[in-house]
Amino acid sequence: MTLAAGGPVSDDRMVVAENVHKSYGRVEVLRGIDLEVRRGEVMCVVGPSGSGKSTFLRCVNHLEKINAGRLWVNGQLMGYREKGGRLHELRESEVAAQRRDIGMVFQRFNLFPHMTALGNVMEAPVQVKGEPRAQARERAMRLLERVGLADKANSLPDQLSGGQQQRVAIARALAMQPSLMLFDEPTSALDPELVGEVLDVMKDLARDGMTMIVVTHEMGFAREVGDSLVFMDGGVVVERGTPAEVLSAPRRERTRSFLSKVL
Amino acid sequence: MTSQRDSRTSEPPVPAQSPPDPIKAVPVRHPGRWVAAAVIVVLAAMFVHMLVTNEAFQWAFVFENMFAEPVLIGVRTTLLLTVLAMLIGVALGVVIAVMRLSSNPVLSGMAWLYTWFFRAVPRLVLAVLFGNLGILYQQIEFGLPFDNYWMPLLGLEGDARVFSLDARTFLSGFMAGLLALALSEGAYMSEIVRAGLQSVDKGQTEAAQALGMNRSKVLRRITLPQALRVIVPPTGNETVAMLKDTALVAYVPVTTELFFQLSAIGSRTFQLFPMLVAACLWYLAITSLFMIGQYFLERTFGQRGARAGVGGRLLSGGGGRG
């Protein structure tokens with residue numbers, strides 16, 4: 001966990017973003033993001049669509065390459081190595097190793113449809129970490145129990161409801177025992193009556209002290225569970241504070257007009 | 001949730017109405033269907049009559065020679081060619097498809113060039129061409145390339161070749177025919193595999209990468225098993241087409257092949273037509289067998305596709321505690 005010279009010291013900060021820029025061709029999606037997430041913190045990110053909040057999340061585990069700035073997770077510079085004042089791209093296997101410590105939950109679940117719920121949860125521990133099957137199976141069963149789906153262990157994803165699929169997806173991410181969890185609008189693709197069961201699992205996770213970045217439209221969840229709330233628009237962080245501050249007394253006009261539409 | 005459900009059950013149920021008498025309507029008549037059926041039955045009867053009575057068929061001669069020993073050897077060669085050409089073709093197809101989708105421009109360019117060449121040249125021409133490759137090389141040798149240039153420059157004598165084959169022997173007959181069919185099949189299979197790989201949702205790759213899988217693991221465990229649903233049905237078609245295309249290697253020539261054997265008997269006895277009929281019957285019989293195999297393959301990988309893939313089947317055995 002040592003750092004290259006010049007990097008931020010890894011104290012209690014899990015994620016450090018420094019002036020992160022990202023563009024697709026000429027379109028600038030992120031225009032300088034500075035953020036810090038402490039260990040055990042639950043940070044909710046809200047904002048209109050196209051504000052860059054999902055893109056930022058995907059930069060954190062290097063699914064997207066950033067064009068400028070620096071991004072550290074757990075004291076490691078994501079995707080690069082700084083040597084002799086120059087950045088060197090990491091090999092694919094090194095990037096893969098960095099990602100093992102970061103769990104991600106997607107809006108559209110992205111469960112592997114050719115594997116059972118249990119198979120989905122066991123896949124990464126067995127294939128990536130080389131864990132013995134019996135041990136992985138036992139741990140996977142405990143995780144499925146934790147998300148309330150032990151009885152669905154042998155169901156295929158298309159036999160599960162959206163809410164159940166998303167809970168399996170959370171269990172799958174937890175199976176790698178990550179120190180950071182990323183949630184990309186985890187309830188946006190769900191029928192309204194299924195949102196609650198997924199949020200309950202996430203609340204439980206937050207209570208256990210998991211560090212989480214949650215891109216969401218669920219203001220109630222942000223208020224109840226979030227330690228901090230970030231409002232993004234146009235590729236920049238417009239406002240940041242505790243959920244109570246930002247939601248009840250927004251300082252910026254842009255925040256106020258967005259909140260008036262969604263609250 | 002529970003309170004809602006409780007209140008709902010305490011409500012009086014909505015009564016179901018008893019249905020009225022079922023509908024008994026006069027169906028629409030289709031006189032056209034009857035006419036068409038009659039015409040077809042008559043035509044079919046005429047065809048069967050022709051098969052039985054026309055002496056040009058010489059059925060006794062057909063059946064007598066259909067199971068002659070050289071013909072049976074021909075059937076074996078044809079089956080062997082089909083299976084080997086398809087195995088090599090599918091393996092090549094996967095490799096070339098992965099190359100084609102690679103971000104390395106040299107690899108994807110080479111893959112494109114390969115597909116372009118082998119799809120552009122007819123298989124018959126390829127077969128004859130490969131039969132004549134012995135003209136290019138007397139010997140096929142393996143070793144370090146361009147040794148005849150750089151070894152003298154370094155003041156070394158001899159050569160840097162470790163293993164050599166006589167090209168005329170190696171590339172004659174069976175091997176040349178097999179190579180022509182397999183290399184050509186590789187080009188078609190690569191397009192099928194590419195379509196299959198591209199049909200898998202990008203989110204699958206992202207989810208696997210987010211879990212820390214490297215590219216080859218993502219391909220083997222996640223993308224390829226799901227692509228099978230798209231890859232398997234056209235591969236069945238390719239196999240049937242390959243069986244028939246083995247007849248082309250008669251022009252390499254591969255003398256132990258089914259069509260070559262039957263037409264040889266035909267020319268020797270001046271009874272070509274019955275032997276052509278015999279060839280039709282053999283190809284019909286083998287193709288029908290393949291179609292049964294294809295049906296079962298598609299049932300396993302096709303519709304249930306993704307489900308029956310590697311992971312699911314391995315895991316469905318145990319872990320049934322829930």
# chains A, B, ... in the order shown; residues from 1 in each chain; ligands from 1
call {"tool": "residues_around", "arguments": {"residues": "Val252 in chain B", "least_positions_apart": "6", "cutoff": "12 Å", "atoms": "only C-alpha atoms", "output": "ChimeraX atom specification"}}
result
/B:123-134,171-181,246,260
call {"tool": "select_by_dssp", "arguments": {"residues": "range 74-278 of chain B", "states": "alpha helix (DSSP H)", "output": "PyMOL selection string"}}
result
chain B and resi 74-100+105-120+123-131+147-153+167-170+174-199+202-210+215-217+224-245+258-269+272-278
call {"tool": "closest_atom_pairs", "arguments": {"of": "chain A", "to": "chain B", "cutoff": "7 Å", "atoms": "only C-alpha atoms", "output": "JSON lines"}}
result
{"residue": "A:Glu92", "atom": "CA", "partner": "B:Asn214", "partner_atom": "CA", "distance": 6.8}
{"residue": "A:Ser93", "atom": "CA", "partner": "B:Asn214", "partner_atom": "CA", "distance": 6.0}
{"residue": "A:Ala96", "atom": "CA", "partner": "B:Gly212", "partner_atom": "CA", "distance": 4.4}
{"residue": "A:Ala97", "atom": "CA", "partner": "B:Gly212", "partner_atom": "CA", "distance": 5.9}
{"residue": "A:Arg99", "atom": "CA", "partner": "B:Gly212", "partner_atom": "CA", "distance": 5.1}
{"residue": "A:Arg100", "atom": "CA", "partner": "B:Gly212", "partner_atom": "CA", "distance": 4.7}
{"residue": "A:Gly103", "atom": "CA", "partner": "B:Leu211", "partner_atom": "CA", "distance": 6.7}
{"residue": "A:Met104", "atom": "CA", "partner": "B:Ala210", "partner_atom": "CA", "distance": 6.3}
{"residue": "A:Asn110", "atom": "CA", "partner": "B:Gln204", "partner_atom": "CA", "distance": 5.7}
{"residue": "A:Phe112", "atom": "CA", "partner": "B:Gln204", "partner_atom": "CA", "distance": 6.7}
{"residue": "A:Pro113", "atom": "CA", "partner": "B:Ala306", "partner_atom": "CA", "distance": 6.2}
{"residue": "A:His114", "atom": "CA", "partner": "B:Arg307", "partner_atom": "CA", "distance": 4.1}
{"residue": "A:Met115", "atom": "CA", "partner": "B:Gly312", "partner_atom": "CA", "distance": 4.1}
{"residue": "A:Thr116", "atom": "CA", "partner": "B:Gly312", "partner_atom": "CA", "distance": 5.9}
{"residue": "A:Gly119", "atom": "CA", "partner": "B:Leu315", "partner_atom": "CA", "distance": 6.3}
{"residue": "A:Ala124", "atom": "CA", "partner": "B:Leu211", "partner_atom": "CA", "distance": 6.2}
{"residue": "A:Val128", "atom": "CA", "partner": "B:Met213", "partner_atom": "CA", "distance": 6.0}
{"residue": "A:Ala150", "atom": "CA", "partner": "B:Gly322", "partner_atom": "CA", "distance": 5.4}
{"residue": "A:Asp151", "atom": "CA", "partner": "B:Gly322", "partner_atom": "CA", "distance": 4.0}
{"residue": "A:Lys152", "atom": "CA", "partner": "B:Gly322", "partner_atom": "CA", "distance": 6.6}
{"residue": "A:Ala153", "atom": "CA", "partner": "B:Gly322", "partner_atom": "CA", "distance": 6.3}
{"residue": "A:Asn154", "atom": "CA", "partner": "B:Gly320", "partner_atom": "CA", "distance": 6.6}
{"residue": "A:Ala173", "atom": "CA", "partner": "B:Leu211", "partner_atom": "CA", "distance": 6.9}
call {"tool": "atom_distance", "arguments": {"atom1": "CA of Phe63 in chain B", "atom2": "CA of Ala44 in chain B"}}
result
23.0 Å
call {"tool": "residues_around", "arguments": {"residues": "Arg146 in chain A", "least_positions_apart": "4", "cutoff": "9 Å", "atoms": "only C-alpha atoms", "output": "CSV table (one decimal) with N, CA and C atoms, in the first residue's frame"}}
result
chain,number,residue,atom,x,y,z
A,141,MET,N,-23.1,-19.3,-0.4
A,141,MET,CA,-24.4,-19.6,0.3
A,141,MET,C,-24.7,-18.6,1.4
A,142,ARG,N,-23.7,-18.3,2.2
A,142,ARG,CA,-23.9,-17.4,3.3
A,142,ARG,C,-24.2,-16.0,2.8
A,150,ALA,N,-31.3,-17.4,-0.1
A,150,ALA,CA,-30.7,-18.8,0.0
A,150,ALA,C,-31.6,-19.8,-0.8
A,171,ALA,N,-24.6,-9.7,-3.9
A,171,ALA,CA,-23.9,-10.8,-3.3
A,171,ALA,C,-22.7,-11.2,-4.1
A,201,VAL,N,-31.0,-4.2,1.5
A,201,VAL,CA,-29.7,-4.9,1.5
A,201,VAL,C,-28.6,-3.9,1.6
call {"tool": "residues_around", "arguments": {"residues": "Tyr188 in chain B", "least_positions_apart": "2", "cutoff": "9 Å", "atoms": "only C-alpha atoms", "output": "ChimeraX atom specification"}}
result
/B:89,93,115,118-119,184-186,190-193,238
